[in-house]
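Have a look at query.cif; it's mmCIF, C-alpha atoms:
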```cif
data_run
loop_
_atom_site.label_atom_id
_atom_site.label_comp_id
_atom_site.auth_asym_id
_atom_site.auth_seq_id
_atom_site.Cartn_x
_atom_site.Cartn_y
_atom_site.Cartn_z
CA MET A 285 -6.31 35.55 25.33
CA ASP A 286 -5.00 38.98 26.37
CA ASN A 287 -5.22 38.46 30.09
CA LEU A 288 -3.24 35.24 29.94
CA SER A 289 0.24 35.25 31.37
CA ASP A 290 3.46 33.88 29.95
CA LEU A 291 5.31 30.90 31.30
CA LYS A 292 9.07 31.09 31.09
CA ILE A 293 11.57 28.63 32.39
CA SER A 294 15.19 29.60 31.98
CA GLY A 295 17.57 27.79 34.18
CA VAL A 296 16.21 24.70 35.82
CA GLY A 297 12.56 24.64 36.69
CA ARG A 298 9.43 22.68 37.05
CA MET A 299 5.97 24.20 36.66
CA GLY A 300 2.35 23.16 36.44
CA GLY A 301 0.34 23.20 33.23
CA GLY A 302 -2.57 25.45 32.34
CA LYS A 303 -3.53 28.18 29.87
CA PHE A 304 -0.85 30.64 28.84
CA ARG A 305 -0.01 33.16 26.14
CA ASP A 306 3.60 32.20 25.46
CA VAL A 307 5.47 29.27 26.89
CA LYS A 308 9.25 29.36 26.70
CA ILE A 309 11.67 26.79 27.98
CA SER A 310 15.26 27.77 27.44
CA GLY A 311 17.06 25.96 30.20
CA LYS A 312 16.00 22.61 31.50
CA GLY A 313 12.34 22.72 32.21
CA GLU A 314 9.51 20.41 32.91
CA ILE A 315 5.81 21.20 32.83
CA ASP A 316 3.39 18.91 34.63
CA GLY A 317 -0.08 18.84 33.14
CA ASP A 318 -1.81 19.83 29.92
CA ILE A 319 -0.96 23.16 28.38
CA GLU A 320 -2.86 25.44 26.06
CA ALA A 321 -0.94 28.39 24.67
CA GLN A 322 -0.45 30.63 21.68
CA THR A 323 3.18 29.76 21.24
CA VAL A 324 5.39 27.12 22.75
CA GLN A 325 9.13 27.44 22.34
CA ILE A 326 11.61 24.90 23.53
CA SER A 327 15.22 25.81 22.98
CA GLY A 328 16.84 23.98 25.83
CA MET A 329 15.63 20.73 27.18
CA GLY A 330 11.95 20.70 27.77
CA LYS A 331 9.46 18.12 28.81
CA ILE A 332 5.72 18.51 28.89
CA ASN A 333 3.94 15.87 30.89
CA GLY A 334 0.55 16.22 29.29
CA LYS A 335 -1.36 17.23 26.20
CA THR A 336 -0.30 20.33 24.30
CA ILE A 337 -2.57 22.61 22.30
CA ALA A 338 -0.98 25.67 20.68
CA GLU A 339 -1.01 27.95 17.67
CA ARG A 340 2.70 27.65 17.02
CA ILE A 341 5.27 25.29 18.42
CA SER A 342 8.96 25.52 17.79
CA VAL A 343 11.62 23.22 19.10
CA SER A 344 15.30 23.81 18.60
CA GLY A 345 16.61 21.94 21.56
CA MET A 346 15.35 18.69 22.88
CA GLY A 347 11.67 18.35 23.57
CA THR A 348 9.40 15.63 24.86
CA VAL A 349 5.62 15.68 25.05
CA SER A 350 4.04 12.78 26.87
CA GLY A 351 0.56 13.37 25.46
CA SER A 352 -0.81 14.35 22.09
CA VAL A 353 -0.09 17.63 20.30
CA GLU A 354 -2.53 19.82 18.39
CA CYS A 355 -1.35 22.98 16.69
CA LYS A 356 -1.47 25.14 13.56
CA SER A 357 2.20 24.91 12.84
CA ILE A 358 5.11 23.10 14.32
CA SER A 359 8.74 23.45 13.41
CA ASN A 360 11.46 21.32 14.82
CA SER A 361 15.13 21.75 14.20
CA GLY A 362 16.22 19.93 17.29
CA SER A 363 14.95 16.66 18.51
CA LEU A 364 11.36 16.14 19.48
CA MET A 365 9.55 13.14 20.83
CA ILE A 366 5.76 13.09 20.94
CA GLU A 367 4.35 10.11 22.77
CA GLY A 368 0.76 10.72 21.66
CA SER A 369 -0.47 11.77 18.23
CA LEU A 370 0.32 14.93 16.30
CA ASN A 371 -2.35 16.95 14.56
CA ALA A 372 -1.01 20.06 12.83
CA ASP A 373 -1.80 22.07 9.73
CA GLU A 374 1.86 22.50 8.89
CA ILE A 375 4.83 20.46 10.02
CA ARG A 376 8.45 21.32 9.28
CA VAL A 377 11.21 19.08 10.50
CA SER A 378 14.89 19.64 9.98
CA GLY A 379 16.03 17.80 13.05
CA SER A 380 14.63 14.56 14.22
CA MET A 381 11.07 13.91 15.26
CA THR A 382 9.39 10.83 16.62
CA VAL A 383 5.62 10.59 16.93
CA LYS A 384 4.35 7.41 18.52
CA ASP A 385 0.65 7.59 17.72
CA GLY A 386 0.49 8.86 14.17
CA VAL A 387 0.34 12.18 12.36
CA LYS A 388 -2.49 14.07 10.70
CA SER A 389 -1.59 17.19 8.78
CA ARG A 390 -2.07 19.22 5.63
CA TYR A 391 1.55 19.93 4.76
CA ILE A 392 4.59 18.05 5.97
CA ARG A 393 8.12 18.94 5.01
CA CYS A 394 10.95 16.98 6.48
CA SER A 395 14.60 17.34 5.75
CA GLY A 396 15.71 15.50 8.83
CA LEU A 397 14.52 12.28 10.33
CA LEU A 398 10.87 11.47 10.83
CA ASN A 399 9.78 8.46 12.81
CA SER A 400 6.17 7.49 13.22
CA GLY A 401 4.83 4.60 15.23
CA ALA A 402 1.54 4.69 13.31
CA GLY A 403 0.21 6.04 10.02
CA ILE A 404 0.73 9.52 8.57
CA GLU A 405 -2.00 11.42 6.74
CA ALA A 406 -1.33 14.63 4.83
CA GLU A 407 -2.22 16.45 1.64
CA VAL A 408 1.43 17.04 0.84
CA PHE A 409 4.28 14.96 2.17
CA ARG A 410 7.71 16.17 1.19
CA SER A 411 10.75 14.41 2.50
CA ARG A 412 14.38 15.19 1.79
CA GLY A 413 15.71 13.21 4.67
CA GLU A 414 14.94 9.87 6.13
CA PHE A 415 11.68 8.45 7.42
CA LYS A 416 10.44 5.34 9.17
CA ILE A 417 6.71 4.92 9.19
CA LYS A 418 5.07 1.92 10.81
CA GLY A 419 1.76 1.99 9.02
CA LEU A 420 0.27 3.79 6.04
CA LEU A 421 1.67 6.98 4.59
CA ASN A 422 -1.46 8.42 3.01
CA ALA A 423 -0.93 11.68 1.14
CA ASN A 424 -2.28 13.24 -2.01
CA ASP A 425 1.19 14.24 -3.11
CA VAL A 426 4.13 12.17 -1.92
CA ASP A 427 7.44 13.64 -2.97
CA VAL A 428 10.48 11.91 -1.57
CA ILE A 429 14.14 12.35 -2.27
CA PHE A 430 15.98 10.12 0.14
CA GLY A 431 19.47 9.04 1.04
CA TRP A 432 20.50 6.12 3.22
CA HIS A 433 17.41 4.23 4.12
CA SER A 434 13.71 4.90 4.52
CA PHE A 435 10.77 2.72 5.32
CA ALA A 436 6.97 2.72 5.30
CA ASN A 437 4.62 -0.27 5.47
CA GLU A 438 2.35 1.23 2.85
CA ILE A 439 2.32 4.35 0.72
CA GLY A 440 -0.92 5.48 -0.90
CA GLY A 441 -2.00 8.61 -2.72
CA GLU A 442 -2.46 10.29 -6.05
CA GLU A 443 1.02 11.39 -7.12
CA ILE A 444 3.92 9.44 -5.71
CA ARG A 445 7.51 10.25 -6.58
CA ILE A 446 10.33 8.49 -4.82
CA ARG A 447 13.84 9.40 -5.89
CA HIS A 448 17.32 8.86 -4.58
CA SER A 449 19.40 11.90 -3.71
CA HIS A 450 22.57 10.54 -5.40
CA TYR A 451 24.80 12.11 -2.78
CA MET A 452 28.54 11.78 -3.36
CA LEU A 453 29.27 9.05 -0.83
CA SER A 454 26.50 6.80 -2.08
CA PHE A 455 28.48 6.41 -5.26
CA ILE A 456 31.46 5.19 -3.27
CA PHE A 457 29.29 2.96 -1.07
CA SER A 458 27.80 1.32 -4.12
CA PHE A 459 31.28 0.05 -5.05
CA PHE A 460 31.16 -2.00 -1.88
CA GLY A 461 27.74 -3.36 -2.78
CA LYS A 462 25.87 -1.18 -0.32
CA ILE A 463 22.94 0.38 -2.12
CA ASP A 464 20.54 2.76 -0.41
CA ARG A 465 16.95 1.63 -0.39
CA LEU A 466 13.48 2.74 0.41
CA GLU A 467 11.48 -0.23 1.61
CA ALA A 468 7.72 -0.72 1.52
CA ASP A 469 5.23 -3.56 1.34
CA LEU A 470 2.78 -1.74 -0.87
CA ILE A 471 2.68 1.41 -2.97
CA GLU A 472 -0.62 2.46 -4.55
CA GLY A 473 -1.36 5.63 -6.48
CA ASN A 474 -2.52 7.16 -9.72
CA ASN A 475 0.92 8.11 -10.99
CA ILE A 476 3.91 6.47 -9.43
CA MET A 477 7.62 6.95 -10.00
CA VAL A 478 10.11 5.02 -7.92
CA GLU A 479 13.86 4.70 -7.74
CA TYR A 480 16.11 2.68 -5.40
CA THR A 481 12.98 1.11 -3.95
CA GLU A 482 12.34 -2.39 -2.70
CA VAL A 483 8.65 -3.13 -2.62
CA LYS A 484 6.41 -6.19 -2.75
CA THR A 485 3.49 -4.74 -4.68
CA ILE A 486 2.99 -1.57 -6.71
CA ARG A 487 -0.47 -0.79 -8.05
CA GLY A 488 -1.52 2.20 -10.06
CA ASN A 489 -2.40 3.80 -13.32
CA ASN A 490 0.89 5.04 -14.76
CA ILE A 491 3.97 3.54 -13.22
CA LEU A 492 7.64 4.22 -13.82
CA ILE A 493 10.11 1.90 -12.15
CA GLY A 494 13.58 3.40 -12.13
CA ASP A 495 17.11 2.26 -11.40
CA ASN A 496 17.96 -0.15 -8.61
CA CYS A 497 14.41 -1.17 -7.81
CA ARG A 498 13.30 -4.60 -6.72
CA VAL A 499 9.60 -5.26 -7.15
CA ASP A 500 7.67 -8.51 -6.76
CA LEU A 501 4.46 -7.50 -8.49
CA VAL A 502 3.33 -4.53 -10.56
CA GLU A 503 -0.31 -4.02 -11.49
CA TYR A 504 -1.02 -1.14 -13.80
CA SER A 505 -3.93 0.09 -15.86
CA GLY A 506 -2.20 2.77 -17.96
CA LYS A 507 1.46 2.98 -18.91
CA LEU A 508 4.35 1.07 -17.43
CA GLY A 509 8.03 1.86 -17.78
CA ILE A 510 10.77 -0.29 -16.31
CA SER A 511 14.42 0.65 -16.20
CA PRO A 512 16.85 -2.04 -17.39
CA LYS A 513 18.59 -1.65 -14.03
CA ALA A 514 15.46 -2.70 -12.13
CA ILE A 515 14.27 -6.17 -11.20
CA VAL A 516 10.54 -6.76 -11.60
CA LYS A 517 9.31 -10.32 -11.03
CA ASN A 518 5.70 -10.09 -12.21
CA ARG A 519 3.75 -7.52 -14.13
CA VAL A 520 0.02 -7.54 -14.74
CA LYS A 521 -2.03 -5.15 -16.81
CA VAL A 522 -5.53 -4.72 -15.37
CA MET B 184 -20.78 -16.78 1.54
CA GLU B 185 -17.98 -15.29 3.63
CA GLU B 186 -16.06 -14.43 0.45
CA ASN B 187 -19.06 -12.85 -1.18
CA SER B 188 -19.70 -10.32 1.54
CA PHE B 189 -16.24 -8.79 0.96
CA ILE B 190 -14.74 -7.04 -2.01
CA THR B 191 -11.06 -6.51 -2.79
CA LYS B 192 -9.70 -3.05 -3.34
CA LYS B 193 -8.87 -3.85 -6.95
CA GLU B 194 -12.37 -5.13 -7.66
CA LEU B 195 -13.84 -2.10 -5.98
CA LEU B 196 -11.87 0.30 -8.16
CA THR B 197 -12.83 -1.44 -11.41
CA LEU B 198 -16.47 -1.69 -10.36
CA THR B 199 -16.83 1.94 -9.35
CA GLY B 200 -14.31 3.53 -11.70
CA ILE B 201 -12.62 5.53 -8.97
CA SER B 202 -8.85 5.84 -8.67
CA TYR B 203 -6.43 4.95 -5.88
CA GLY B 204 -5.92 8.67 -5.29
CA GLN B 205 -9.63 9.21 -4.71
CA LEU B 206 -9.93 6.24 -2.38
CA TYR B 207 -7.01 7.39 -0.26
CA ARG B 208 -8.35 10.96 -0.26
CA TRP B 209 -11.76 9.87 0.94
CA LYS B 210 -10.16 7.82 3.65
CA ARG B 211 -8.20 10.88 4.78
CA GLU B 212 -11.36 12.96 4.76
CA ASN B 213 -13.14 10.45 7.02
CA LEU B 214 -15.65 9.63 4.30
CA ILE B 215 -14.74 5.97 4.55
CA PRO B 216 -14.25 4.64 8.07
CA GLU B 217 -10.90 3.13 8.93
CA SER B 218 -12.61 -0.03 10.21
CA TRP B 219 -13.86 -0.84 6.71
CA PHE B 220 -10.29 -1.40 5.50
CA ILE B 221 -9.82 -5.04 6.39
CA LYS B 222 -6.41 -6.60 5.85
CA LYS B 223 -6.30 -10.26 4.96
CA SER B 224 -3.56 -12.40 3.59
CA SER B 225 -4.17 -13.81 0.15
CA PHE B 226 -2.11 -15.69 -2.41
CA THR B 227 -0.57 -12.47 -3.70
CA GLY B 228 0.52 -11.40 -0.25
CA GLN B 229 -1.64 -9.09 1.76
CA GLU B 230 -4.83 -7.64 0.33
CA THR B 231 -7.27 -5.05 1.56
CA PHE B 232 -10.91 -6.06 1.63
CA PHE B 233 -14.04 -4.03 2.25
CA PRO B 234 -17.52 -5.00 3.40
CA ARG B 235 -19.09 -5.22 -0.05
CA GLU B 236 -22.57 -3.75 0.46
CA LYS B 237 -21.42 -0.98 2.77
CA ILE B 238 -18.56 0.28 0.64
CA LEU B 239 -20.47 0.15 -2.64
CA ALA B 240 -23.36 2.12 -1.15
CA ARG B 241 -20.98 4.61 0.42
CA ILE B 242 -19.01 5.23 -2.77
CA LYS B 243 -22.18 5.62 -4.79
CA GLY B 244 -23.32 8.17 -2.22
CA ILE B 245 -20.04 10.09 -2.34
CA ILE B 246 -20.00 10.21 -6.14
CA GLU B 247 -23.60 11.46 -6.25
CA LEU B 248 -23.10 14.14 -3.63
CA LYS B 249 -19.54 15.30 -4.18
CA ASP B 250 -20.38 17.93 -6.78
CA LYS B 251 -23.04 19.49 -4.60
CA TYR B 252 -21.15 19.61 -1.33
CA SER B 253 -17.58 20.15 -0.19
CA LEU B 254 -15.68 17.15 1.16
CA GLU B 255 -15.94 18.59 4.66
CA GLU B 256 -19.71 18.93 4.40
CA LEU B 257 -19.84 15.40 3.06
CA ALA B 258 -17.88 14.11 6.03
CA ASP B 259 -20.38 15.83 8.32
CA MET B 260 -23.21 14.13 6.46
CA LEU B 261 -21.75 10.68 5.96
CA SER B 262 -19.75 10.38 9.11
CA PRO B 263 -21.45 12.60 11.69
CA GLU B 264 -20.19 10.10 14.24
CA LEU B 265 -16.73 11.50 13.63
CA THR B 266 -17.62 15.17 13.77
CA ASN B 267 -18.75 17.21 16.70
CA ARG B 268 -22.15 18.29 15.51
CA SER B 269 -24.69 18.32 18.34
CA PHE B 270 -28.46 18.16 18.23
CA ASP B 271 -31.04 19.70 20.56
CA ARG B 272 -34.78 19.10 20.81
CA ASP B 273 -35.53 21.64 18.09
CA ASP B 274 -33.40 19.59 15.72
CA LEU B 275 -34.80 16.27 16.87
CA ASN B 276 -38.53 16.92 17.17
CA PRO B 277 -39.09 17.46 13.42
CA LEU B 278 -37.52 14.05 12.78
CA GLY B 279 -40.37 12.51 14.76
CA MET B 280 -38.22 9.59 15.70
CA PHE B 281 -37.26 10.11 19.29
CA ASP B 282 -39.63 9.56 22.17
CA SER B 283 -39.67 12.62 24.43
CA GLU B 284 -39.96 10.40 27.50
CA ILE B 285 -36.68 8.73 26.57
CA LEU B 286 -35.02 12.05 25.78
CA ASP B 287 -36.05 13.11 29.32
CA ILE B 288 -34.30 10.10 30.81
CA PHE B 289 -31.10 10.75 28.84
CA GLU B 290 -31.17 14.42 29.87
CA LYS B 291 -31.59 13.69 33.55
CA VAL B 292 -28.88 11.10 34.14
CA PRO B 293 -25.59 12.38 35.58
CA GLY B 294 -23.57 13.90 32.76
CA GLY B 295 -26.66 14.34 30.61
CA LYS B 296 -27.20 17.57 28.69
CA ASN B 297 -30.10 19.02 26.76
CA HIS B 298 -28.25 18.53 23.49
CA PHE B 299 -26.85 15.30 22.15
CA LYS B 300 -23.93 14.21 20.06
CA PHE B 301 -24.54 11.85 17.18
CA ILE B 302 -23.19 8.84 19.04
CA GLU B 303 -25.61 9.58 21.88
CA LEU B 304 -28.48 9.70 19.43
CA ILE B 305 -27.66 6.13 18.48
CA PHE B 306 -28.25 5.03 22.05
CA ILE B 307 -31.41 7.10 22.32
CA ASP B 308 -32.65 5.43 19.18
CA ILE B 309 -31.82 2.01 20.58
CA ALA B 310 -33.58 2.94 23.82
CA GLY B 311 -36.68 3.78 21.79
CA LYS B 312 -36.59 0.32 20.26
CA LEU B 313 -35.80 -1.37 23.57
CA ILE B 314 -38.73 0.10 25.45
CA LYS B 315 -41.01 -1.74 23.05
CA GLU B 316 -39.42 -5.06 23.99
CA PRO B 317 -41.23 -6.97 26.70
CA GLY B 318 -39.44 -6.99 30.02
CA ILE B 319 -37.68 -3.66 29.56
CA ASN B 320 -38.71 -0.80 31.81
CA THR B 321 -37.58 2.79 32.30
CA ASP B 322 -35.08 1.70 34.96
CA ASN B 323 -33.27 -0.33 32.31
CA ILE B 324 -33.24 2.67 30.00
CA GLU B 325 -31.83 4.83 32.77
CA GLU B 326 -29.13 2.24 33.34
CA LEU B 327 -28.31 2.32 29.62
CA ALA B 328 -28.10 6.11 29.63
CA ARG B 329 -25.71 6.05 32.58
CA SER B 330 -23.60 3.31 31.02
CA MET B 331 -23.42 5.24 27.77
CA HIS B 332 -21.56 8.06 29.52
CA SER B 333 -19.02 5.68 30.96
CA TRP B 334 -18.54 4.06 27.53
CA MET B 335 -17.94 7.41 25.81
CA ASP B 336 -14.16 7.16 26.07
CA VAL B 337 -14.01 4.00 23.99
CA LEU B 338 -16.78 4.95 21.57
CA LYS B 339 -14.53 6.65 19.06
CA ASN B 340 -16.44 5.10 16.18
CA THR B 341 -19.58 3.09 15.65
CA SER B 342 -18.03 -0.34 15.12
CA PHE B 343 -19.75 -1.69 18.21
CA ARG B 344 -22.63 -3.92 19.12
CA LEU B 345 -24.95 -3.49 22.06
CA MET B 346 -26.39 -6.70 23.43
CA VAL B 347 -29.32 -7.16 25.74
CA CYS B 348 -28.90 -10.25 27.88
CA GLU B 349 -30.87 -11.92 30.59
CA LYS B 350 -29.87 -14.00 33.57
CA ASN B 351 -32.32 -15.05 36.28
CA THR B 352 -34.91 -12.65 34.80
CA VAL B 353 -32.49 -9.76 35.24
CA ARG B 354 -31.81 -7.80 32.08
CA PHE B 355 -28.43 -6.26 31.45
CA PHE B 356 -26.47 -4.64 28.64
CA LEU B 357 -23.15 -5.56 27.10
CA LEU B 358 -21.19 -3.45 24.67
CA SER B 359 -18.71 -5.25 22.46
CA LYS B 360 -16.58 -4.46 19.46
CA GLN B 361 -18.26 -5.42 16.22
CA ASP B 362 -15.78 -8.07 15.20
CA SER B 363 -15.28 -9.71 18.58
CA ARG B 364 -17.37 -12.53 19.92
CA ILE B 365 -18.74 -12.85 23.40
CA TYR B 366 -19.00 -16.28 24.92
CA ASN B 367 -21.61 -16.25 27.63
CA ASP B 368 -22.26 -18.82 30.30
CA ASN B 369 -25.15 -21.26 30.11
CA GLY B 370 -27.43 -19.27 32.38
CA THR B 371 -27.14 -16.12 30.27
CA ARG B 372 -29.39 -15.69 27.30
CA GLU B 373 -28.89 -13.10 24.60
CA ILE B 374 -32.25 -11.44 24.00
CA SER B 375 -31.43 -8.96 21.28
CA SER B 376 -28.49 -7.17 19.81
CA TYR B 377 -28.11 -3.83 18.07
CA ASP B 378 -25.43 -2.99 15.56
CA LEU B 379 -24.35 0.60 16.18
CA ASP B 380 -23.08 0.86 12.63
CA GLU B 381 -26.46 -0.08 11.17
CA ILE B 382 -28.32 2.34 13.37
CA SER B 383 -25.80 5.04 12.65
CA LYS B 384 -26.48 4.55 8.96
CA GLU B 385 -30.26 4.73 9.43
CA LEU B 386 -29.88 7.89 11.50
CA ASN B 387 -27.52 9.36 8.93
CA LEU B 388 -30.07 8.90 6.20
CA LEU B 389 -32.76 10.44 8.36
CA ILE B 390 -30.71 13.43 9.47
CA THR B 391 -29.08 14.14 6.15
CA GLY B 392 -32.38 13.60 4.35
CA LYS B 393 -33.91 16.59 6.15
#
```

Output the file's structure in the form of structure tokens.
Amino acid sequence: MDNLSDLKISGVGRMGGGKFRDVKISGKGEIDGDIEAQTVQISGMGKINGKTIAERISVSGMGTVSGSVECKSISNSGSLMIEGSLNADEIRVSGSMTVKDGVKSRYIRCSGLLNSGAGIEAEVFRSRGEFKIKGLLNANDVDVIFGWHSFANEIGGEEIRIRHSHYMLSFIFSFFGKIDRLEADLIEGNNIMVEYTEVKTIRGNNILIGDNCRVDLVEYSGKLGISPKAIVKNRVKV
Amino acid sequence: MEENSFITKKELLTLTGISYGQLYRWKRENLIPESWFIKKSSFTGQETFFPREKILARIKGIIELKDKYSLEELADMLSPELTNRSFDRDDLNPLGMFDSEILDIFEKVPGGKNHFKFIELIFIDIAGKLIKEPGINTDNIEELARSMHSWMDVLKNTSFRLMVCEKNTVRFFLLSKQDSRIYNDNGTREISSYDLDEISKELNLLITGK
């Protein structure tokens, strides 16, 4: 790796892909072709027309990758669009990130907006922002505190906690009948706690259904708790 | 009969005693192939079904082996089709399963190497079975080996079927997804078909048994 050169675009530029040590785009840059690098930094407006493999990726401006991304860690405080899939050990998002082809990771922490066009797999999924997942969110530990609105077709794992952030304005909004919701078709896990959630089916061992939930069917094998402020149509002990 | 060959997720969990967490974990770890999760609508909405025999055998296997091996090692053993392990002649000869003549053919075709990925072994195994069929010669096998390389991009898993067909005494191969049907014309006759999943399982047992 030592004899590799750096690729820097500051100003406006367009370069070809290849193997590099550090890649930095701080103006408006475009890279044509796959890149392999130790670090990739986008702080302006950067576009990579190809696949990206790197140790570390950080985006604080606006980034687009037209292929898939593989890396150890990725942090995004700007806006990032990945048109392929994302495979990373650690993902931190405080801006907005869209991944079209699904995410595979060990640790995901998102305090911004996370959009996924396919499923997400992780050991730990921590969200303090908003997410929209078309597919299955499969994580050992799902810990969500959301505001506004979030969505996933299915959520599955061992420990699932979904709470509402109770931000100040939500209290005012609720006067006008607008209640924040997390929506899902199915939630399955060993221990599940939900709040402000609208879901068709919840299945699990121990389930706690908190305030402002709307659930069509609950199937549980251990304990079940239902808040008086929740609506649960059917419950079945299996 | 159709209903009996599938099992619902709920039934599976009660039968095997595993939890949702475990099932989702094993899916993440590639121990259970994605294609086994079959979504069907039922009277309670949408339900996930599994191929009964396959999933029960797989879960039994995982439970038996999980204390001895790490989940990663297990994935290598149970789903070598998903990992990048490669095999050379020194690995294959002790198995006594692959014909060296056929290995020669697969090595010599364009793109061929002297070591094989698991998915390639499946085709080599099929070739070994094919050569015993009447009407198949080494040219056909060579054709199969060449085709295999062009199919590699789509062969991300083993949910495929290889069919041997005949038209006007000419033999040819078709590769199709496991769950899709092929409608052939009247002049084409299907001679035999090989389920890549089945063969992958046989090979798995053989390789992991050593």

Evaluate the PyMOL selection byres ((chain B) within 10 of (chain A)) and record the selected residues as a PDB file with C-alpha atoms, keeping the file's coordinate frame, following the chain and residue labels used in the document.
```pdb
ATOM      1  CA  LYS B 193      -8.870  -3.850  -6.950  1.00  0.00           C
ATOM      2  CA  THR B 197     -12.830  -1.440 -11.410  1.00  0.00           C
ATOM      3  CA  SER B 202      -8.850   5.840  -8.670  1.00  0.00           C
ATOM      4  CA  TYR B 203      -6.430   4.950  -5.880  1.00  0.00           C
ATOM      5  CA  GLY B 204      -5.920   8.670  -5.290  1.00  0.00           C
ATOM      6  CA  GLN B 205      -9.630   9.210  -4.710  1.00  0.00           C
ATOM      7  CA  LEU B 206      -9.930   6.240  -2.380  1.00  0.00           C
ATOM      8  CA  TYR B 207      -7.010   7.390  -0.260  1.00  0.00           C
ATOM      9  CA  ARG B 208      -8.350  10.960  -0.260  1.00  0.00           C
ATOM     10  CA  LYS B 210     -10.160   7.820   3.650  1.00  0.00           C
ATOM     11  CA  ARG B 211      -8.200  10.880   4.780  1.00  0.00           C
ATOM     12  CA  GLU B 212     -11.360  12.960   4.760  1.00  0.00           C
ATOM     13  CA  THR B 227      -0.570 -12.470  -3.700  1.00  0.00           C
ATOM     14  CA  GLY B 228       0.520 -11.400  -0.250  1.00  0.00           C
ATOM     15  CA  GLN B 229      -1.640  -9.090   1.760  1.00  0.00           C
ATOM     16  CA  GLU B 230      -4.830  -7.640   0.330  1.00  0.00           C
TER      17      GLU B 230
END
```

Note to self: Counting all atoms listed in the file, find residues at most 12 Å from (-22.8, 7.2, 32.0) (file frame) and give them as a PyMOL selection string.
What the structure shows: chain B and resi 288-296+303+306+324-336

Margin query: Quick check on the file I pasted: which residues fall under the PyMOL selection byres ((chain B and resi 350) around 7)? Write them as a PyMOL selection string.
Written below: chain B and resi 348-349+351-354+370-372

Box for stretch 468-471 of chain A - axis-aligned, 3 Å on each of the six sides, all listed atoms - centre and size in Å to one decimal, as JSON.
```
{"center_x": 5.2, "center_y": -1.1, "center_z": -0.7, "size_x": 11.0, "size_y": 11.0, "size_z": 10.5}
```

Can you give me, as an mmCIF file with C-alpha atoms, in the frame of the given file, the residues this file yields under the PyMOL selection byres ((chain A and resi 413) around 10)?
```cif
data_model
loop_
_atom_site.group_PDB
_atom_site.id
_atom_site.type_symbol
_atom_site.label_atom_id
_atom_site.label_comp_id
_atom_site.auth_asym_id
_atom_site.auth_seq_id
_atom_site.Cartn_x
_atom_site.Cartn_y
_atom_site.Cartn_z
ATOM 1 C CA VAL A 377 11.210 19.080 10.500
ATOM 2 C CA SER A 378 14.890 19.640 9.980
ATOM 3 C CA GLY A 379 16.030 17.800 13.050
ATOM 4 C CA SER A 380 14.630 14.560 14.220
ATOM 5 C CA ARG A 393 8.120 18.940 5.010
ATOM 6 C CA CYS A 394 10.950 16.980 6.480
ATOM 7 C CA SER A 395 14.600 17.340 5.750
ATOM 8 C CA GLY A 396 15.710 15.500 8.830
ATOM 9 C CA LEU A 397 14.520 12.280 10.330
ATOM 10 C CA LEU A 398 10.870 11.470 10.830
ATOM 11 C CA ARG A 410 7.710 16.170 1.190
ATOM 12 C CA SER A 411 10.750 14.410 2.500
ATOM 13 C CA ARG A 412 14.380 15.190 1.790
ATOM 14 C CA GLU A 414 14.940 9.870 6.130
ATOM 15 C CA PHE A 415 11.680 8.450 7.420
ATOM 16 C CA VAL A 428 10.480 11.910 -1.570
ATOM 17 C CA ILE A 429 14.140 12.350 -2.270
ATOM 18 C CA PHE A 430 15.980 10.120 0.140
ATOM 19 C CA GLY A 431 19.470 9.040 1.040
ATOM 20 C CA TRP A 432 20.500 6.120 3.220
ATOM 21 C CA HIS A 433 17.410 4.230 4.120
ATOM 22 C CA SER A 434 13.710 4.900 4.520
ATOM 23 C CA SER A 449 19.400 11.900 -3.710
#
```

Item checked: Distance in Å - atom CA of A:Arg445 versus atom CA of A:Glu479 ->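 Pair atom CA of A:Arg445 / atom CA of A:Glu479 returns 8.5 Å.
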
Check: Looking at only C-alpha atoms, which of B:Ile305, B:Leu248, B:Leu286, B:Ile242 is the one that sits closest to B:Leu379?
Finding: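 Checking each of B:Ile305, B:Leu248, B:Leu286, B:Ile242 against B:Leu379, counting only C-alpha atoms, the winner is B:Ile305.
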
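For the point (1.4, 4.2, -14.1) in file coordinates, the residues within 6 Å, using all atoms listed in the file, are Asn475, Ile476, Gly488, Asn489, Asn490, Ile491, Tyr504, Gly506, Lys507 and Leu508 of chain A.
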
Margin query: I'd like the interatomic distance between atom CA of B:Gly311 and atom CA of B:Asp273, to a tenth of an Å.
Written below: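 Interatomic distance here is 18.3 Å.
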
Notebook entry, point to check: To one decimal place, how far is atom CA of B:Trp219 from atom CA of B:Phe233 in Å?
Noted result: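 Those two atoms sit 5.5 Å apart.
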
Notebook entry, point to check: Within 6 Å of A:Ser359, counting all atoms listed in the file, which residues qualify if same-chain residues fewer than 4 places away don't, as a PyMOL selection string?
Noted result: chain A and resi 342+375-377

Notebook entry, point to check: Hey, which of B:Arg241, B:Asp287, B:Phe281, B:Phe270 ends up closest to B:Leu257? Count only C-alpha atoms.
Noted result: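 Residue with the minimum atom-to-atom distance to B:Leu257: B:Arg241.
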
Next item on the list: Tell me which protein, DNA and RNA residues are within 12 Å of B:Ile215, counting all atoms listed in the file, leaving out same-chain ones fewer than 6 positions away, and put them as a ChimeraX atom specification.
Entry: /B:205-209,233-234,237-245,254,257-265,340

Next item on the list: Would you list the contacts of A:Ile463 as a list of chain:residue names, taking every protein, DNA or RNA residue within 8 Å and counting all atoms listed in the file, but skipping same-chain residues closer than 6 positions in sequence?
Entry: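 Contacts, with the query itself left out: A:Ser454, A:Phe457, A:Tyr480.
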